Structure formats: structure tokens, C-alpha cells
$ cat final13.txt   # compact mmCIF, C-alpha atoms (C1' of nucleotides)
# COMPACT_ATOMS: atom_id res chain seq x y z
CA MET A 94 40.48 -6.77 5.29
CA PRO A 95 41.38 -9.66 3.02
CA ASN A 96 42.36 -9.24 -0.59
CA TYR A 97 40.28 -11.04 -3.16
CA TRP A 98 41.53 -13.20 -6.01
CA LEU A 99 40.49 -15.51 -8.78
CA MET A 100 42.53 -18.58 -9.62
CA LYS A 101 41.99 -20.80 -12.64
CA SER A 102 42.32 -24.54 -12.69
CA GLU A 103 41.40 -27.18 -15.22
CA PRO A 104 39.00 -29.46 -13.38
CA GLY A 105 40.36 -32.43 -15.31
CA VAL A 106 43.67 -31.75 -13.59
CA PHE A 107 42.56 -30.30 -10.26
CA SER A 108 38.95 -29.40 -9.47
CA ILE A 109 37.29 -27.83 -6.46
CA ASP A 110 36.14 -31.31 -5.48
CA ASP A 111 39.76 -32.44 -5.52
CA LEU A 112 40.58 -29.58 -3.16
CA ALA A 113 37.71 -30.53 -0.86
CA ASN A 114 39.05 -34.10 -0.75
CA CYS A 115 42.62 -33.14 0.14
CA PRO A 116 43.93 -33.72 3.68
CA ASN A 117 42.78 -30.72 5.72
CA GLN A 118 41.06 -29.68 2.48
CA THR A 119 44.31 -27.89 1.74
CA GLU A 120 46.67 -28.09 -1.22
CA HIS A 121 49.65 -26.17 -2.53
CA TRP A 122 49.08 -24.26 -5.73
CA ASP A 123 52.03 -25.44 -7.79
CA GLY A 124 52.74 -25.06 -11.48
CA VAL A 125 52.32 -21.32 -11.90
CA ARG A 126 54.80 -20.44 -14.65
CA ASN A 127 53.79 -16.93 -15.55
CA TYR A 128 55.64 -13.95 -14.10
CA GLN A 129 52.64 -11.71 -13.62
CA ALA A 130 50.77 -14.43 -11.79
CA ARG A 131 53.85 -15.32 -9.78
CA ASN A 132 54.44 -11.74 -8.71
CA MET A 133 50.91 -11.32 -7.47
CA MET A 134 51.08 -14.58 -5.59
CA ARG A 135 54.48 -13.84 -4.10
CA ASP A 136 54.11 -10.14 -3.34
CA GLN A 137 50.45 -9.55 -2.66
CA MET A 138 48.71 -12.71 -1.54
CA ARG A 139 48.31 -12.84 2.20
CA LYS A 140 47.09 -15.42 4.63
CA GLY A 141 43.35 -15.06 4.97
CA ASP A 142 42.79 -13.74 1.46
CA LEU A 143 39.76 -15.19 -0.30
CA VAL A 144 39.89 -16.86 -3.71
CA PHE A 145 37.28 -17.65 -6.32
CA PHE A 146 38.08 -21.11 -7.68
CA TYR A 147 37.54 -21.00 -11.44
CA HIS A 148 37.17 -24.02 -13.70
CA SER A 149 38.77 -23.44 -17.11
CA SER A 150 39.16 -25.48 -20.30
CA CYS A 151 36.17 -27.71 -19.67
CA LYS A 152 32.48 -28.07 -20.56
CA LYS A 153 31.16 -25.80 -17.83
CA THR A 154 33.55 -22.92 -17.39
CA GLY A 155 32.95 -20.60 -14.46
CA ILE A 156 33.48 -20.01 -10.76
CA ALA A 157 32.91 -23.22 -8.87
CA GLY A 158 33.41 -22.06 -5.31
CA ILE A 159 35.62 -20.33 -2.78
CA ALA A 160 38.96 -21.10 -1.16
CA LYS A 161 41.22 -19.16 1.16
CA VAL A 162 44.94 -18.59 1.38
CA VAL A 163 46.35 -20.44 4.39
CA LYS A 164 50.08 -20.20 3.64
CA GLU A 165 51.90 -17.38 1.92
CA ALA A 166 54.32 -17.82 -0.98
CA TYR A 167 57.20 -20.26 -0.73
CA PRO A 168 59.34 -21.89 -3.44
CA ASP A 169 57.56 -24.24 -5.84
CA HIS A 170 59.49 -27.50 -5.51
CA THR A 171 58.05 -28.92 -8.74
CA ALA A 172 60.33 -26.50 -10.63
CA LEU A 173 63.33 -28.42 -9.23
CA ASP A 174 61.98 -31.87 -10.06
CA SER A 175 63.25 -33.05 -13.44
CA ASP A 176 60.45 -35.64 -13.52
CA SER A 177 57.77 -33.00 -13.16
CA ASP A 178 55.89 -31.41 -16.04
CA TYR A 179 56.61 -28.13 -14.29
CA PHE A 180 60.39 -28.61 -14.17
CA ASP A 181 62.37 -25.45 -14.93
CA PRO A 182 66.14 -25.92 -15.22
CA LYS A 183 66.66 -22.23 -14.52
CA SER A 184 65.19 -22.51 -11.04
CA THR A 185 67.51 -23.53 -8.20
CA VAL A 186 67.24 -24.10 -4.46
CA ASP A 187 69.33 -21.00 -3.79
CA ASN A 188 67.53 -18.88 -6.32
CA PRO A 189 64.00 -20.19 -6.79
CA ARG A 190 62.23 -18.75 -9.76
CA TRP A 191 58.71 -19.97 -9.03
CA PHE A 192 56.52 -19.82 -5.97
CA MET A 193 53.29 -21.24 -4.67
CA VAL A 194 50.80 -20.66 -1.88
CA ASP A 195 48.61 -23.08 0.02
CA ILE A 196 44.86 -22.74 -0.29
CA GLN A 197 42.09 -24.37 1.70
CA PHE A 198 38.59 -25.27 0.60
CA VAL A 199 35.86 -22.97 1.89
CA GLU A 200 32.74 -23.59 -0.16
CA LYS A 201 31.51 -25.22 -3.34
CA PHE A 202 28.63 -23.48 -5.08
CA THR A 203 25.54 -25.54 -5.80
CA HIS A 204 25.59 -24.06 -9.29
CA LEU A 205 28.74 -22.56 -10.67
CA VAL A 206 28.63 -18.96 -11.80
CA SER A 207 29.19 -19.43 -15.51
CA LEU A 208 31.64 -17.46 -17.58
CA GLN A 209 28.74 -16.40 -19.76
CA ARG A 210 26.92 -14.81 -16.82
CA LEU A 211 30.11 -13.09 -15.71
CA LYS A 212 30.55 -11.67 -19.19
CA GLU A 213 26.95 -10.49 -19.33
CA ASN A 214 27.19 -8.51 -16.08
CA PRO A 215 28.16 -4.91 -16.88
CA LEU A 216 29.44 -4.39 -13.33
CA LEU A 217 32.16 -6.94 -14.02
CA LYS A 218 33.46 -5.51 -17.28
CA ASP A 219 36.79 -4.57 -15.67
CA LEU A 220 37.44 -8.06 -14.36
CA PRO A 221 40.49 -9.33 -16.25
CA LEU A 222 38.79 -12.70 -16.70
CA VAL A 223 36.15 -11.35 -19.07
CA GLN A 224 38.48 -9.14 -21.06
CA ARG A 225 39.44 -10.14 -24.53
CA GLY A 226 42.60 -12.14 -24.77
CA SER A 227 43.16 -12.30 -21.02
CA ARG A 228 45.10 -15.41 -20.07
CA LEU A 229 46.12 -14.64 -16.52
CA SER A 230 45.72 -17.69 -14.33
CA ILE A 231 45.70 -15.61 -11.15
CA MET A 232 44.08 -12.21 -10.99
CA PRO A 233 42.94 -9.71 -8.41
CA VAL A 234 39.22 -9.23 -7.83
CA ALA A 235 38.09 -5.83 -6.54
CA GLU A 236 35.98 -5.86 -3.40
CA LYS A 237 32.93 -4.58 -5.30
CA GLN A 238 33.42 -7.26 -7.93
CA TRP A 239 33.73 -9.90 -5.23
CA HIS A 240 30.42 -8.85 -3.68
CA GLU A 241 28.74 -8.59 -7.06
CA ILE A 242 29.77 -12.10 -8.01
CA SER A 243 28.77 -13.37 -4.58
CA SER A 244 25.29 -11.96 -5.21
CA MET A 245 25.11 -14.01 -8.42
CA VAL A 246 25.58 -17.30 -6.61
CA THR A 247 22.36 -19.27 -6.68
CA LYS A 248 21.30 -20.42 -3.24
CA LEU A 249 18.98 -23.39 -3.12
C1' DG B 83 40.37 -29.60 -32.95
C1' DC B 84 40.73 -24.78 -34.26
C1' DC B 85 42.66 -20.54 -33.70
C1' DA B 86 43.11 -15.77 -31.65
C1' DA B 87 45.73 -13.66 -28.46
C1' DC B 88 49.28 -13.45 -25.57
C1' DG B 89 54.00 -14.54 -23.31
C1' DT B 90 58.73 -16.04 -23.91
C1' DT B 91 62.96 -16.83 -26.27
C1' DG B 92 66.88 -15.74 -28.70
C1' DG B 93 69.39 -13.82 -32.76
C1' DC B 94 70.98 -9.62 -34.24
C1' DG C 51 66.32 -3.18 -27.29
C1' DC C 52 63.79 -4.91 -31.30
C1' DC C 53 61.04 -8.28 -33.20
C1' DA C 54 60.20 -12.78 -35.56
C1' DA C 55 59.35 -17.32 -34.37
C1' DC C 56 57.59 -20.31 -31.40
C1' DG C 57 54.84 -22.22 -27.49
C1' DT C 58 50.80 -21.88 -24.53
C1' DT C 59 46.22 -20.68 -22.98
C1' DG C 60 41.61 -21.29 -23.14
C1' DG C 61 37.01 -20.35 -25.24
C1' DC C 62 34.32 -22.11 -28.67

$ encode --input "final13.txt" --output "C-alpha cells"
Amino acid sequence: MPNYWLMKSEPGVFSIDDLANCPNQTEHWDGVRNYQARNMMRDQMRKGDLVFFYHSSCKKTGIAGIAKVVKEAYPDHTALDSDSDYFDPKSTVDNPRWFMVDIQFVEKFTHLVSLQRLKENPLLKDLPLVQRGSRLSIMPVAEKQWHEISSMVTKL
DNA sequence: GCCAACGTTGGC
DNA sequence: GCCAACGTTGGC
């Protein structure tokens, strides 16, 4: 049984289309600089887990599609690169502070499942995404929530 | 662009 | 260990 997750990305920086256009439709998920998100990625994300790809900070916020974890956590090299926006002087090769996983494109929804619809669904009230003040960029999705959201995807 | 809410830092 | 100040996230 896979675990289920939701990961946020700003489509202006990296969208689900960008993922679909990557070599092997696979990309490493760098730049996570939050301990809670890091811990979940490092300690709980397993190869084969499924991920809702969420578009944040844009005109149409919501879940844009699905990806899957194809490589488990390994050190985030952008933390060691002083030219990177994600550089962290406290991270070292011997003692990496930040990690990333690789995810692969699975599916893009014809219509994204909007944040508004997620908020309106009472069965999803415990999803961290819709809770007030939640800023987690990576969060677990319960199996029931995963199936509920899947049922909200419009098929044309 | 605003701002509420949250996370992190650092002085004490 | 407390907590004020600051930085960031992200919806609107």
C-alpha cells in the first residue's frame, strides 16, 4: 500500500507541465527548507507513494494532477551551492541538513480540483491544506481523503 | 500588494 | 527555555 501526499509548487517556478516535460518526466524536489516537511519527506516517503501536485500562489490554485515518488530521500545539493537561492551555509556534505526525493509525472487533470472545492467538501475538513494558517508545503493525505479527492476530478 | 499566520533566530 | 523581532508563505 502506498502512502499518499500533497506537495505544493508555484507553477510560475515549477508546474505540473514542467514535470511532464522533464527527461523521463522525473525531477528532484529540491528547495524544501522546512523541518516538518523535510522530516516527512526523509522519514516517511517511500518509493511508489502517490502525490497530488498542487499549484500555489497563482491565479488558479488547486490540485493539478498526480505524481509518484521514484527515489527516496537523499541530500539536497542546492543547500551546498552558494549560487543557489536555496543555499544554506549550515548544511555540509558530511552533515546534510536538507533532503529531497525524485518524483515522476503520472497524470495531469483536465480541470484542476480548485482550492475552493476542496474547502467546500466537508469530508476534507481535516486535510491540513484547507486548515486556517496551514503553510506546510508537503503534507500527508489520508487514504479516504485521497479517494474523495480523486472522485472530485472531472473526467471529460 | 496586503496581511494573517506561522516558523526561525538569537538575546537574555 | 522564553519570547520579541524578523522573514516567509500563500490566499485574496

$ closest_atom_pairs --input "final13.txt" --of "chain C" --to "chain A" --cutoff "9 Å" --atoms "all atoms listed in the file" --output "CSV"
residue,atom,partner,partner_atom,distance
C:DT59,C1',A:Arg228,CA,6.1
C:DG60,C1',A:Ser150,CA,5.6
C:DG61,C1',A:Ser150,CA,7.4

$ closest_atom_pairs --input "final13.txt" --of "range 113-169 of chain A" --to "range 83-89 of chain B" --cutoff "12 Å" --atoms "all atoms listed in the file" --output "CSV"
residue,atom,partner,partner_atom,distance
A:Arg126,CA,B:DG89,C1',10.5
A:Asn127,CA,B:DG89,C1',8.1
A:Tyr128,CA,B:DG89,C1',9.4
A:Gln129,CA,B:DG89,C1',10.2
A:Ala130,CA,B:DG89,C1',12.0

$ residues_around --input "final13.txt" --residues "Val246 in chain A" --least-positions-apart "3" --cutoff "7 Å" --atoms "all atoms listed in the file" --output "JSON, numbers by chain"
{"A": [206, 242, 243]}

$ axis_aligned_box --input "final13.txt" --around "chain C" --padding-each-side "8 Å" --output "JSON"
{"center_x": 50.3, "center_y": -12.7, "center_z": -29.3, "size_x": 48.0, "size_y": 35.0, "size_z": 28.6}

$ residues_around --input "final13.txt" --residues "Lys218 in chain A" --least-positions-apart "6" --cutoff "12 Å" --atoms "all atoms listed in the file" --output "number ranges by chain"
A: 210-212, 224-225, 234-235, 238, 241-242
